[in-house]
>>> print(open('entry_10.tsv').read())   # TSV, N, CA and C atoms
chain	number	residue	atom	x	y	z
A	908	MET	N	98.58	86.27	122.79
A	908	MET	CA	98.17	87.42	123.55
A	908	MET	C	96.65	87.51	123.49
A	909	SER	N	96.08	88.00	124.53
A	909	SER	CA	94.64	88.21	124.61
A	909	SER	C	94.40	89.61	125.17
A	910	ALA	N	93.56	90.39	124.50
A	910	ALA	CA	93.22	91.73	124.96
A	910	ALA	C	91.74	91.96	124.69
A	911	ASP	N	91.11	92.82	125.50
A	911	ASP	CA	89.69	93.10	125.28
A	911	ASP	C	89.30	94.41	125.94
A	912	ARG	N	88.07	94.81	125.67
A	912	ARG	CA	87.45	95.93	126.38
A	912	ARG	C	85.94	95.78	126.26
A	913	GLU	N	85.28	96.31	127.24
A	913	GLU	CA	83.82	96.34	127.19
A	913	GLU	C	83.40	97.47	126.25
A	914	ALA	N	82.48	97.17	125.37
A	914	ALA	CA	81.95	98.16	124.43
A	914	ALA	C	80.49	98.41	124.79
A	915	PRO	N	79.89	99.46	124.23
A	915	PRO	CA	78.47	99.67	124.51
A	915	PRO	C	77.66	98.43	124.13
A	916	LEU	N	77.04	97.84	125.11
A	916	LEU	CA	76.23	96.63	124.92
A	916	LEU	C	76.99	95.48	124.28
A	917	GLY	N	78.26	95.32	124.63
A	917	GLY	CA	79.02	94.20	124.08
A	917	GLY	C	80.49	94.22	124.48
A	918	TRP	N	81.29	93.53	123.67
A	918	TRP	CA	82.72	93.41	123.93
A	918	TRP	C	83.50	93.46	122.63
A	919	ILE	N	84.78	93.86	122.74
A	919	ILE	CA	85.75	93.79	121.66
A	919	ILE	C	86.87	92.89	122.16
A	920	TYR	N	87.26	91.89	121.38
A	920	TYR	CA	88.32	90.96	121.75
A	920	TYR	C	89.39	90.92	120.67
A	921	LEU	N	90.63	90.76	121.08
A	921	LEU	CA	91.74	90.50	120.18
A	921	LEU	C	92.44	89.26	120.71
A	922	LYS	N	92.50	88.22	119.88
A	922	LYS	CA	93.19	86.99	120.25
A	922	LYS	C	94.30	86.76	119.24
A	923	MET	N	95.53	86.66	119.73
A	923	MET	CA	96.69	86.47	118.86
A	923	MET	C	97.38	85.17	119.24
A	924	TYR	N	97.81	84.43	118.23
A	924	TYR	CA	98.34	83.09	118.44
A	924	TYR	C	99.80	82.99	118.02
A	925	ASP	N	100.48	81.95	118.52
A	925	ASP	CA	101.91	81.74	118.26
A	925	ASP	C	102.24	81.61	116.77
A	926	ASP	N	101.30	81.14	115.97
A	926	ASP	CA	101.57	80.97	114.54
A	926	ASP	C	101.37	82.26	113.74
A	927	GLU	N	101.29	83.40	114.45
A	927	GLU	CA	101.11	84.74	113.89
A	927	GLU	C	99.73	84.94	113.24
A	928	SER	N	98.76	84.15	113.65
A	928	SER	CA	97.37	84.39	113.23
A	928	SER	C	96.65	85.14	114.35
A	929	PHE	N	95.53	85.75	114.02
A	929	PHE	CA	94.77	86.48	115.02
A	929	PHE	C	93.29	86.47	114.68
A	930	GLU	N	92.49	86.81	115.69
A	930	GLU	CA	91.05	87.05	115.55
A	930	GLU	C	90.74	88.36	116.25
A	931	PHE	N	90.07	89.26	115.55
A	931	PHE	CA	89.53	90.48	116.14
A	931	PHE	C	88.03	90.30	116.14
A	932	ILE	N	87.43	90.29	117.33
A	932	ILE	CA	86.02	89.95	117.47
A	932	ILE	C	85.27	91.11	118.11
A	933	SER	N	84.19	91.51	117.46
A	933	SER	CA	83.30	92.54	117.98
A	933	SER	C	81.93	91.90	118.13
A	934	GLN	N	81.42	91.89	119.34
A	934	GLN	CA	80.11	91.27	119.55
A	934	GLN	C	79.31	92.09	120.55
A	935	GLY	N	78.01	92.00	120.40
A	935	GLY	CA	77.15	92.75	121.29
A	935	GLY	C	75.87	92.02	121.58
A	936	MET	N	75.17	92.51	122.55
A	936	MET	CA	73.90	91.90	122.94
A	936	MET	C	72.83	92.18	121.90
A	937	MET	N	72.93	93.29	121.18
A	937	MET	CA	71.92	93.68	120.22
A	937	MET	C	72.34	93.47	118.77
A	938	ARG	N	73.50	92.83	118.55
A	938	ARG	CA	73.97	92.62	117.18
A	938	ARG	C	74.76	91.32	117.10
A	939	ASP	N	74.97	90.88	115.88
A	939	ASP	CA	75.72	89.65	115.66
A	939	ASP	C	77.20	89.85	115.95
A	940	LYS	N	77.89	88.74	116.05
A	940	LYS	CA	79.33	88.75	116.27
A	940	LYS	C	80.03	88.95	114.93
A	941	ASP	N	80.94	89.94	114.87
A	941	ASP	CA	81.77	90.16	113.69
A	941	ASP	C	83.17	89.64	114.01
A	942	ILE	N	83.67	88.73	113.19
A	942	ILE	CA	84.99	88.15	113.40
A	942	ILE	C	85.86	88.48	112.19
A	943	TYR	N	87.00	89.12	112.47
A	943	TYR	CA	87.98	89.46	111.44
A	943	TYR	C	89.23	88.63	111.73
A	944	VAL	N	89.72	87.91	110.74
A	944	VAL	CA	90.88	87.04	110.94
A	944	VAL	C	91.98	87.41	109.97
A	945	GLY	N	93.19	86.96	110.29
A	945	GLY	CA	94.33	87.20	109.41
A	945	GLY	C	95.61	86.85	110.12
A	946	ASN	N	96.68	87.50	109.69
A	946	ASN	CA	98.00	87.29	110.26
A	946	ASN	C	98.57	88.62	110.73
A	947	TYR	N	99.48	88.55	111.69
A	947	TYR	CA	100.10	89.76	112.21
A	947	TYR	C	101.61	89.63	112.20
A	948	LYS	N	102.27	90.77	112.24
A	948	LYS	CA	103.72	90.85	112.42
A	948	LYS	C	103.96	91.79	113.59
A	949	LEU	N	104.89	91.44	114.44
A	949	LEU	CA	105.28	92.27	115.58
A	949	LEU	C	106.69	92.78	115.34
A	950	LYS	N	106.85	94.10	115.30
A	950	LYS	CA	108.18	94.72	115.18
A	950	LYS	C	108.31	95.70	116.33
A	951	HIS	N	109.22	95.37	117.26
A	951	HIS	CA	109.43	96.14	118.48
A	951	HIS	C	108.11	96.18	119.26
A	952	ASP	N	107.46	97.33	119.33
A	952	ASP	CA	106.20	97.43	120.07
A	952	ASP	C	105.01	97.67	119.13
A	953	THR	N	105.22	97.51	117.82
A	953	THR	CA	104.18	97.80	116.83
A	953	THR	C	103.66	96.52	116.20
A	954	LEU	N	102.34	96.42	116.11
A	954	LEU	CA	101.67	95.28	115.48
A	954	LEU	C	101.12	95.71	114.13
A	955	TYR	N	101.36	94.88	113.12
A	955	TYR	CA	100.84	95.10	111.78
A	955	TYR	C	99.90	93.94	111.46
A	956	PHE	N	98.64	94.25	111.20
A	956	PHE	CA	97.63	93.23	110.95
A	956	PHE	C	97.33	93.15	109.46
A	957	LYS	N	97.33	91.93	108.93
A	957	LYS	CA	96.93	91.70	107.54
A	957	LYS	C	95.67	90.84	107.60
A	958	TYR	N	94.55	91.46	107.25
A	958	TYR	CA	93.26	90.79	107.33
A	958	TYR	C	93.00	89.95	106.08
A	959	LYS	N	92.31	88.83	106.25
A	959	LYS	CA	92.02	87.96	105.11
A	959	LYS	C	90.90	88.49	104.23
A	960	ASP	N	89.88	89.06	104.81
A	960	ASP	CA	88.74	89.56	104.03
A	960	ASP	C	88.60	91.06	104.23
A	961	SER	N	87.73	91.45	105.11
A	961	SER	CA	87.51	92.87	105.33
A	961	SER	C	88.31	93.37	106.54
A	962	ILE	N	88.51	94.68	106.58
A	962	ILE	CA	89.27	95.31	107.65
A	962	ILE	C	88.28	96.05	108.55
A	963	PRO	N	88.35	95.82	109.87
A	963	PRO	CA	87.45	96.55	110.76
A	963	PRO	C	87.84	98.03	110.81
A	964	LYS	N	86.94	98.84	111.30
A	964	LYS	CA	87.16	100.29	111.32
A	964	LYS	C	88.29	100.72	112.24
A	965	VAL	N	88.81	99.82	113.08
A	965	VAL	CA	89.92	100.18	113.97
A	965	VAL	C	91.24	100.28	113.22
A	966	GLY	N	91.34	99.69	112.03
A	966	GLY	CA	92.54	99.78	111.23
A	966	GLY	C	93.43	98.56	111.30
A	967	SER	N	94.64	98.71	110.78
A	967	SER	CA	95.55	97.56	110.62
A	967	SER	C	96.89	97.75	111.31
A	968	LYS	N	97.03	98.78	112.14
A	968	LYS	CA	98.30	99.03	112.83
A	968	LYS	C	98.00	99.42	114.26
A	969	ALA	N	98.77	98.84	115.20
A	969	ALA	CA	98.58	99.14	116.62
A	969	ALA	C	99.92	99.13	117.33
A	970	ILE	N	99.94	99.77	118.47
A	970	ILE	CA	101.14	99.78	119.30
A	970	ILE	C	100.78	99.17	120.66
A	971	ILE	N	101.71	98.39	121.21
A	971	ILE	CA	101.54	97.82	122.55
A	971	ILE	C	102.25	98.76	123.51
A	972	GLN	N	101.48	99.31	124.45
A	972	GLN	CA	102.06	100.32	125.34
A	972	GLN	C	101.33	100.31	126.68
A	973	LYS	N	102.11	100.17	127.75
A	973	LYS	CA	101.58	100.25	129.12
A	973	LYS	C	100.39	99.33	129.36
A	974	GLY	N	100.47	98.12	128.83
A	974	GLY	CA	99.43	97.13	129.07
A	974	GLY	C	98.20	97.27	128.18
A	975	PHE	N	98.31	98.04	127.11
A	975	PHE	CA	97.20	98.23	126.18
A	975	PHE	C	97.65	98.05	124.74
A	976	VAL	N	96.74	97.61	123.89
A	976	VAL	CA	96.92	97.60	122.45
A	976	VAL	C	96.15	98.80	121.93
A	977	ASN	N	96.87	99.77	121.39
A	977	ASN	CA	96.26	101.01	120.90
A	977	ASN	C	96.33	101.04	119.38
A	978	TYR	N	95.17	101.02	118.74
A	978	TYR	CA	95.11	101.07	117.28
A	978	TYR	C	95.39	102.49	116.81
A	979	LEU	N	96.14	102.61	115.70
A	979	LEU	CA	96.64	103.91	115.28
A	979	LEU	C	96.02	104.47	114.00
A	980	ASN	N	95.60	103.63	113.08
A	980	ASN	CA	95.24	104.14	111.75
A	980	ASN	C	93.81	103.82	111.32
A	981	GLY	N	92.91	103.73	112.25
A	981	GLY	CA	91.53	103.42	111.91
A	981	GLY	C	90.66	104.65	111.80
A	982	ASN	N	89.38	104.42	111.57
A	982	ASN	CA	88.40	105.49	111.51
A	982	ASN	C	88.12	106.08	112.89
A	983	TYR	N	88.47	105.34	113.93
A	983	TYR	CA	88.35	105.83	115.30
A	983	TYR	C	89.45	105.18	116.12
A	984	SER	N	89.80	105.76	117.24
A	984	SER	CA	90.84	105.17	118.08
A	984	SER	C	90.23	104.08	118.94
A	985	GLU	N	90.98	103.03	119.12
A	985	GLU	CA	90.53	101.88	119.92
A	985	GLU	C	91.66	101.49	120.84
A	986	SER	N	91.34	101.15	122.06
A	986	SER	CA	92.33	100.73	123.04
A	986	SER	C	91.81	99.50	123.77
A	987	LEU	N	92.57	98.41	123.70
A	987	LEU	CA	92.18	97.16	124.35
A	987	LEU	C	93.16	96.84	125.47
A	988	HIS	N	92.64	96.42	126.60
A	988	HIS	CA	93.48	96.07	127.75
A	988	HIS	C	94.05	94.66	127.56
A	989	VAL	N	95.37	94.53	127.68
A	989	VAL	CA	96.03	93.23	127.53
A	989	VAL	C	95.78	92.42	128.78
A	990	LYS	N	95.20	91.23	128.59
A	990	LYS	CA	94.92	90.32	129.71
A	990	LYS	C	96.01	89.27	129.87
A	991	LEU	N	96.59	88.85	128.75
A	991	LEU	CA	97.62	87.82	128.73
A	991	LEU	C	98.57	88.14	127.58
A	992	ASN	N	99.87	88.13	127.86
A	992	ASN	CA	100.84	88.44	126.81
A	992	ASN	C	101.97	87.44	126.85
A	993	ASN	N	101.98	86.53	125.89
A	993	ASN	CA	103.07	85.57	125.73
A	993	ASN	C	103.78	85.78	124.41
A	994	LEU	N	103.64	86.97	123.83
A	994	LEU	CA	104.30	87.24	122.55
A	994	LEU	C	105.81	87.30	122.76
A	995	PRO	N	106.56	86.76	121.80
A	995	PRO	CA	108.02	86.84	121.90
A	995	PRO	C	108.48	88.28	121.67
A	996	VAL	N	109.57	88.63	122.25
A	996	VAL	CA	110.16	89.96	122.03
A	996	VAL	C	110.76	89.96	120.64
A	997	SER	N	110.43	90.96	119.83
A	997	SER	CA	110.98	91.03	118.48
A	997	SER	C	112.04	92.12	118.41
A	998	LYS	N	112.81	92.07	117.34
A	998	LYS	CA	113.90	93.04	117.14
A	998	LYS	C	113.63	93.86	115.92
>>> encode(input="entry_10.tsv", output="structure tokens")
Amino acid sequence: MSADREAPLGWIYLKMYDDESFEFISQGMMRDKDIYVGNYKLKHDTLYFKYKDSIPKVGSKAIIQKGFVNYLNGNYSESLHVKLNNLPVSK
């Protein structure tokens, strides 16, 4: 799955792979690229992210709803538009 949104002077990207790994990337024109990596689990419409090092301020739990990935437990709410979704349906 691939999701993103334009941020002030930059972009936020979420790239999720078939092997249940992911990259959460925050980059801007005036700052360096921050890359957070780890593994995810999908249960129904909820994503659980386990980061390898540090956790971004968006948090570690999100819901997929109406074409968006909406983070639920961070310091601020974040919503990324899904561009491509090949995730398997989970039970």
>>> closest_residue(input="entry_10.tsv", among="A:Val965, A:Asn993, A:Ser909, A:Tyr958", to="Asn980 (chain A)", atoms="all atoms listed in the file")
A:Val965
>>> atom_distance(input="entry_10.tsv", atom1="atom N of Tyr983 (chain A)", atom2="atom C of Lys968 (chain A)")
11.2 Å
>>> closest_atom_pairs(input="entry_10.tsv", of="region 947-974 of chain A", to="region 918-939 of chain A", cutoff="8 Å", atoms="all atoms listed in the file", output="CSV")
residue,atom,partner,partner_atom,distance
A:Tyr947,N,A:Glu927,C,3.9
A:Lys948,N,A:Glu927,CA,6.4
A:Leu949,N,A:Glu927,CA,7.7
>>> atom_distance(input="entry_10.tsv", atom1="CA of Ser967 (chain A)", atom2="CA of Leu916 (chain A)")
24.1 Å
>>> select_by_dssp(input="entry_10.tsv", residues="chain A", states="strand (DSSP E)", output="number ranges by chain")
A: 909-914, 917-923, 928-935, 941-950, 953-958, 968-972, 975-978, 986-991
>>> atom_distance(input="entry_10.tsv", atom1="atom C of Val944 (chain A)", atom2="atom N of Asp960 (chain A)")
5.8 Å
>>> closest_residue(input="entry_10.tsv", among="A:Glu913, A:Val976, A:Ile971, A:Tyr943", to="Lys959 (chain A)", atoms="all atoms listed in the file")
A:Tyr943
>>> closest_residue(input="entry_10.tsv", among="A:Asn946, A:Asn982, A:Asn992, A:Asn977", to="Lys964 (chain A)", atoms="all atoms listed in the file")
A:Asn982
>>> closest_residue(input="entry_10.tsv", among="A:His951, A:Lys957, A:Lys940, A:Arg912", to="Ser986 (chain A)", atoms="only C-alpha atoms")
A:Arg912
>>> closest_residue(input="entry_10.tsv", among="A:Gly966, A:Asp911, A:Gly945, A:Lys950", to="Leu979 (chain A)", atoms="all atoms listed in the file")
A:Gly966
>>> build_atoms(input="entry_10.tsv", residues="region 934-954 of chain A", atoms="N, CA, C and O atoms", output="CSV table (one decimal), keeping the file's coordinate frame")
chain,number,residue,atom,x,y,z
A,934,GLN,N,81.4,91.9,119.3
A,934,GLN,CA,80.1,91.3,119.6
A,934,GLN,C,79.3,92.1,120.6
A,934,GLN,O,79.9,92.8,121.4
A,935,GLY,N,78.0,92.0,120.4
A,935,GLY,CA,77.2,92.8,121.3
A,935,GLY,C,75.9,92.0,121.6
A,935,GLY,O,75.5,91.0,120.9
A,936,MET,N,75.2,92.5,122.6
A,936,MET,CA,73.9,91.9,122.9
A,936,MET,C,72.8,92.2,121.9
A,936,MET,O,71.9,91.4,121.7
A,937,MET,N,72.9,93.3,121.2
A,937,MET,CA,71.9,93.7,120.2
A,937,MET,C,72.3,93.5,118.8
A,937,MET,O,71.7,93.9,117.9
A,938,ARG,N,73.5,92.8,118.6
A,938,ARG,CA,74.0,92.6,117.2
A,938,ARG,C,74.8,91.3,117.1
A,938,ARG,O,75.2,90.8,118.1
A,939,ASP,N,75.0,90.9,115.9
A,939,ASP,CA,75.7,89.6,115.7
A,939,ASP,C,77.2,89.8,116.0
A,939,ASP,O,77.7,91.0,116.0
A,940,LYS,N,77.9,88.7,116.0
A,940,LYS,CA,79.3,88.8,116.3
A,940,LYS,C,80.0,89.0,114.9
A,940,LYS,O,79.7,88.3,114.0
A,941,ASP,N,80.9,89.9,114.9
A,941,ASP,CA,81.8,90.2,113.7
A,941,ASP,C,83.2,89.6,114.0
A,941,ASP,O,83.8,90.1,115.0
A,942,ILE,N,83.7,88.7,113.2
A,942,ILE,CA,85.0,88.2,113.4
A,942,ILE,C,85.9,88.5,112.2
A,942,ILE,O,85.5,88.2,111.1
A,943,TYR,N,87.0,89.1,112.5
A,943,TYR,CA,88.0,89.5,111.4
A,943,TYR,C,89.2,88.6,111.7
A,943,TYR,O,89.7,88.6,112.9
A,944,VAL,N,89.7,87.9,110.7
A,944,VAL,CA,90.9,87.0,110.9
A,944,VAL,C,92.0,87.4,110.0
A,944,VAL,O,91.8,88.1,108.9
A,945,GLY,N,93.2,87.0,110.3
A,945,GLY,CA,94.3,87.2,109.4
A,945,GLY,C,95.6,86.8,110.1
A,945,GLY,O,95.6,86.0,111.0
A,946,ASN,N,96.7,87.5,109.7
A,946,ASN,CA,98.0,87.3,110.3
A,946,ASN,C,98.6,88.6,110.7
A,946,ASN,O,98.2,89.7,110.2
A,947,TYR,N,99.5,88.6,111.7
A,947,TYR,CA,100.1,89.8,112.2
A,947,TYR,C,101.6,89.6,112.2
A,947,TYR,O,102.2,88.5,112.1
A,948,LYS,N,102.3,90.8,112.2
A,948,LYS,CA,103.7,90.8,112.4
A,948,LYS,C,104.0,91.8,113.6
A,948,LYS,O,103.3,92.8,113.7
A,949,LEU,N,104.9,91.4,114.4
A,949,LEU,CA,105.3,92.3,115.6
A,949,LEU,C,106.7,92.8,115.3
A,949,LEU,O,107.6,92.0,115.1
A,950,LYS,N,106.8,94.1,115.3
A,950,LYS,CA,108.2,94.7,115.2
A,950,LYS,C,108.3,95.7,116.3
A,950,LYS,O,107.6,96.7,116.4
A,951,HIS,N,109.2,95.4,117.3
A,951,HIS,CA,109.4,96.1,118.5
A,951,HIS,C,108.1,96.2,119.3
A,951,HIS,O,107.7,95.2,119.7
A,952,ASP,N,107.5,97.3,119.3
A,952,ASP,CA,106.2,97.4,120.1
A,952,ASP,C,105.0,97.7,119.1
A,952,ASP,O,103.9,98.0,119.6
A,953,THR,N,105.2,97.5,117.8
A,953,THR,CA,104.2,97.8,116.8
A,953,THR,C,103.7,96.5,116.2
A,953,THR,O,104.4,95.7,115.8
A,954,LEU,N,102.3,96.4,116.1
A,954,LEU,CA,101.7,95.3,115.5
A,954,LEU,C,101.1,95.7,114.1
A,954,LEU,O,100.5,96.8,114.0
